[in-house]
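Data first, discussion second: the structure below is written as structure tokens.
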Amino acid sequence: HVKLAESGGGSAQSGGSLRLSCAASGDIVSRACMAWFRQATGKERERVARINTRDAKTEYPDSVKGRFTISRDNAKNTVFLEMNNLKPEDTAMYHCALHRLYNNACSASWSLYEYNFWGQGTQVTVSS
């Protein structure tokens with residue numbers, strides 16, 4: 001069983017930066033697809049970033065591309081989300097999630113339903 005714990009959330013001004021961390025129990029992090037999702041009040045959970053921790057391949061939706069960077073430290077079983085040039089619309093609860101790799105790759109669909117393990121989330125609030 002894998003446990004995920006997020007940290008690093010808080011408040012920032014528009015244009016500011018925050019760095020989120022997701023610590024995982026066990027050594028599965030070195031061979032997993034780990035992702036960040038976010039959910040704003042009254043909205044559906046949406047993808048933010050994901051990384052194949054085996055080959056470090058990353059993916060981002062257009063909404064955060066160029067502003068957010070996901071990375072991993074397999075030795076520390078931790079994944080990070082560096083968020084720069086924050087905007088008020090980035091305000092949400094941020095969750096990290098994990099699923100085991102499929103043939104050494106993340107799932108093709110990037111559906112949140114494919115992620116077996118989830119953290120409790122950390123709140124990010126961006127003011128204008």
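Labeling convention for the structure tokens: chains A, B, ... as they appear, residues from 1 per chain, ligands from 1 in order of appearance.
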
query: Using only C-alpha atoms, which residues sit within 12 Å of Ser7 of chain A once same-chain residues fewer than 4 positions away are excluded, as a ChimeraX atom specification?
result: /A:18-24,78-81,93-96,119-124

task: Check the DSSP output for the backbone and give back, as an MDAnalysis selection string, the residues of chain A in helix (DSSP H, G or I).
output: chainID A and resid 28:31 74:76 88:90 112:114

task: Please provide the set of residues having any atom within 7 Å of Cys33 of chain A, restricted to only C-alpha atoms, with same-chain residues fewer than 2 positions apart removed, written as a PyMOL selection string.
output: chain A and resi 35+50-53+98-101+106

With all heavy atoms retained, write the just-selected residues as an mmCIF file, in the first residue's frame.
data_model
loop_
_atom_site.group_PDB
_atom_site.id
_atom_site.type_symbol
_atom_site.label_atom_id
_atom_site.label_comp_id
_atom_site.auth_asym_id
_atom_site.auth_seq_id
_atom_site.Cartn_x
_atom_site.Cartn_y
_atom_site.Cartn_z
ATOM 1 N N ALA A 35 1.506 12.130 -10.736
ATOM 2 C CA ALA A 35 0.860 13.296 -11.322
ATOM 3 C C ALA A 35 0.369 14.247 -10.244
ATOM 4 O O ALA A 35 0.180 13.861 -9.087
ATOM 5 C CB ALA A 35 -0.323 12.853 -12.176
ATOM 6 N N ARG A 50 2.422 15.589 -14.995
ATOM 7 C CA ARG A 50 2.740 14.221 -14.629
ATOM 8 C C ARG A 50 4.141 13.869 -15.084
ATOM 9 O O ARG A 50 4.686 14.488 -16.011
ATOM 10 C CB ARG A 50 1.730 13.221 -15.199
ATOM 11 C CG ARG A 50 1.772 13.011 -16.700
ATOM 12 C CD ARG A 50 0.809 11.881 -17.063
ATOM 13 N NE ARG A 50 0.773 11.648 -18.517
ATOM 14 C CZ ARG A 50 0.100 10.653 -19.082
ATOM 15 N NH1 ARG A 50 -0.583 9.794 -18.324
ATOM 16 N NH2 ARG A 50 0.084 10.504 -20.388
ATOM 17 N N ILE A 51 4.709 12.862 -14.416
ATOM 18 C CA ILE A 51 6.075 12.450 -14.705
ATOM 19 C C ILE A 51 6.196 10.946 -14.600
ATOM 20 O O ILE A 51 5.626 10.322 -13.709
ATOM 21 C CB ILE A 51 7.070 13.154 -13.734
ATOM 22 C CG1 ILE A 51 8.499 12.827 -14.107
ATOM 23 C CG2 ILE A 51 6.792 12.779 -12.272
ATOM 24 C CD1 ILE A 51 9.527 13.731 -13.382
ATOM 25 N N ASN A 52 6.901 10.385 -15.557
ATOM 26 C CA ASN A 52 7.292 8.979 -15.505
ATOM 27 C C ASN A 52 8.580 8.953 -14.706
ATOM 28 O O ASN A 52 9.613 9.456 -15.171
ATOM 29 C CB ASN A 52 7.497 8.457 -16.923
ATOM 30 C CG ASN A 52 7.932 7.009 -16.970
ATOM 31 O OD1 ASN A 52 8.654 6.539 -16.102
ATOM 32 N ND2 ASN A 52 7.512 6.311 -18.006
ATOM 33 N N THR A 53 8.524 8.417 -13.510
ATOM 34 C CA THR A 53 9.702 8.500 -12.650
ATOM 35 C C THR A 53 10.825 7.579 -13.102
ATOM 36 O O THR A 53 11.942 7.684 -12.608
ATOM 37 C CB THR A 53 9.330 8.179 -11.200
ATOM 38 O OG1 THR A 53 8.822 6.845 -11.130
ATOM 39 C CG2 THR A 53 8.302 9.153 -10.673
ATOM 40 N N LEU A 98 -0.694 8.595 -7.947
ATOM 41 C CA LEU A 98 0.291 7.642 -8.474
ATOM 42 C C LEU A 98 -0.405 6.440 -9.085
ATOM 43 O O LEU A 98 -1.409 5.953 -8.559
ATOM 44 C CB LEU A 98 1.217 7.212 -7.326
ATOM 45 C CG LEU A 98 2.307 6.169 -7.576
ATOM 46 C CD1 LEU A 98 3.445 6.400 -6.583
ATOM 47 C CD2 LEU A 98 1.796 4.746 -7.453
ATOM 48 N N HIS A 99 0.133 5.965 -10.196
ATOM 49 C CA HIS A 99 -0.239 4.632 -10.672
ATOM 50 C C HIS A 99 1.026 3.943 -11.169
ATOM 51 O O HIS A 99 2.005 4.605 -11.527
ATOM 52 C CB HIS A 99 -1.334 4.660 -11.748
ATOM 53 C CG HIS A 99 -0.917 5.149 -13.104
ATOM 54 N ND1 HIS A 99 -0.040 4.467 -13.936
ATOM 55 C CD2 HIS A 99 -1.268 6.258 -13.795
ATOM 56 C CE1 HIS A 99 0.115 5.133 -15.071
ATOM 57 N NE2 HIS A 99 -0.608 6.227 -14.996
ATOM 58 N N ARG A 100 1.014 2.652 -11.132
ATOM 59 C CA ARG A 100 2.165 1.888 -11.604
ATOM 60 C C ARG A 100 2.288 2.048 -13.117
ATOM 61 O O ARG A 100 1.296 2.234 -13.805
ATOM 62 C CB ARG A 100 1.999 0.411 -11.246
ATOM 63 C CG ARG A 100 1.922 0.168 -9.747
ATOM 64 C CD ARG A 100 1.752 -1.314 -9.418
ATOM 65 N NE ARG A 100 1.471 -1.508 -8.002
ATOM 66 C CZ ARG A 100 2.386 -1.575 -7.053
ATOM 67 N NH1 ARG A 100 3.657 -1.463 -7.375
ATOM 68 N NH2 ARG A 100 2.041 -1.753 -5.793
ATOM 69 N N LEU A 101 3.499 1.983 -13.603
ATOM 70 C CA LEU A 101 3.715 2.142 -15.036
ATOM 71 C C LEU A 101 3.105 0.973 -15.821
ATOM 72 O O LEU A 101 3.085 -0.156 -15.351
ATOM 73 C CB LEU A 101 5.209 2.217 -15.330
ATOM 74 C CG LEU A 101 5.952 3.420 -14.752
ATOM 75 C CD1 LEU A 101 7.447 3.306 -15.042
ATOM 76 C CD2 LEU A 101 5.412 4.729 -15.316
ATOM 77 N N CYS A 106 3.489 5.964 -18.633
ATOM 78 C CA CYS A 106 2.265 6.443 -18.018
ATOM 79 C C CYS A 106 1.083 6.052 -18.903
ATOM 80 O O CYS A 106 1.246 5.760 -20.092
ATOM 81 C CB CYS A 106 2.314 7.961 -17.875
ATOM 82 S SG CYS A 106 3.406 8.578 -16.575
#

Residues within 7 Å of Ser14 of chain A, please, as a PDB file with N, CA and C atoms, in the first residue's frame. Count only C-alpha atoms; anything in the same chain fewer than 5 positions from it doesn't count.
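Writing the result to around-v1.pdb gives the following:
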ATOM      1  N   ASN A  85       5.045  32.199 -11.880  1.00  0.00           N
ATOM      2  CA  ASN A  85       4.094  33.099 -12.537  1.00  0.00           C
ATOM      3  C   ASN A  85       2.655  32.686 -12.223  1.00  0.00           C
ATOM      4  N   LEU A  86       2.384  32.503 -10.953  1.00  0.00           N
ATOM      5  CA  LEU A  86       1.069  32.050 -10.533  1.00  0.00           C
ATOM      6  C   LEU A  86      -0.014  33.055 -10.887  1.00  0.00           C
ATOM      7  N   LYS A  87      -1.191  32.526 -11.160  1.00  0.00           N
ATOM      8  CA  LYS A  87      -2.350  33.331 -11.507  1.00  0.00           C
ATOM      9  C   LYS A  87      -3.498  33.006 -10.549  1.00  0.00           C
ATOM     10  N   PRO A  88      -4.420  33.924 -10.366  1.00  0.00           N
ATOM     11  CA  PRO A  88      -5.554  33.644  -9.473  1.00  0.00           C
ATOM     12  C   PRO A  88      -6.306  32.376  -9.858  1.00  0.00           C
ATOM     13  N   VAL A 126      -3.990  31.982  -4.739  1.00  0.00           N
ATOM     14  CA  VAL A 126      -3.275  33.052  -5.423  1.00  0.00           C
ATOM     15  C   VAL A 126      -4.175  34.275  -5.484  1.00  0.00           C
ATOM     16  N   SER A 127      -3.668  35.367  -4.976  1.00  0.00           N
ATOM     17  CA  SER A 127      -4.443  36.610  -4.967  1.00  0.00           C
ATOM     18  C   SER A 127      -3.904  37.571  -6.023  1.00  0.00           C
ATOM     19  N   SER A 128      -4.802  38.368  -6.545  1.00  0.00           N
ATOM     20  CA  SER A 128      -4.412  39.306  -7.614  1.00  0.00           C
ATOM     21  C   SER A 128      -3.876  40.609  -7.042  1.00  0.00           C
TER      22      SER A 128
END

query: What gap, in Å, lies between atom CA of Tyr60 of chain A and atom CA of Ala108 of chain A?
result: 13.5 Å

field: Among listed residues A:Asn77, A:Trp110, A:Glu82, A:Lys65, nearest Ser25 of chain A (using only C-alpha atoms)
entry: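 Distance minimum relative to Ser25 of chain A lands on A:Asn77.
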
field: Members of chain A assigned strand (DSSP E) by DSSP, as a PyMOL selection string
entry: chain A and resi 4-7+10-13+18-24+32-39+46-52+58-59+68-73+78-83+92-100+117-118+122-127

- line: Residue with the minimum atom-to-atom distance to Glu59 of chain A, picked from A:Val29, A:Tyr102, A:Gly16, A:Ser109 with only C-alpha atoms counted, is A:Ser109

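Nearest residue to Asn104 of chain A among A:Lys76, A:Arg54, A:Arg47, A:Arg67 is A:Arg54, counting only C-alpha atoms.
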
- line: Across A:Ser71, A:Ser63, A:Phe117, A:Ser30, the smallest distance to Glu46 of chain A, with only C-alpha atoms counted, is shown by A:Ser63

query: Which value, in Å to one decimal, gives the distance between atom CA of Thr91 of chain A and atom CA of Ala40 of chain A?
result: 6.5 Å

- prompt: Hey, which of A:Phe37, A:Gly26, A:Thr69, A:Tyr113 ends up closest to Glu6 of chain A? Count only C-alpha atoms.
  reply: A:Phe37

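Between atom CA of Arg38 of chain A and atom CA of Asp90 of chain A there is a distance of 8.5 Å.
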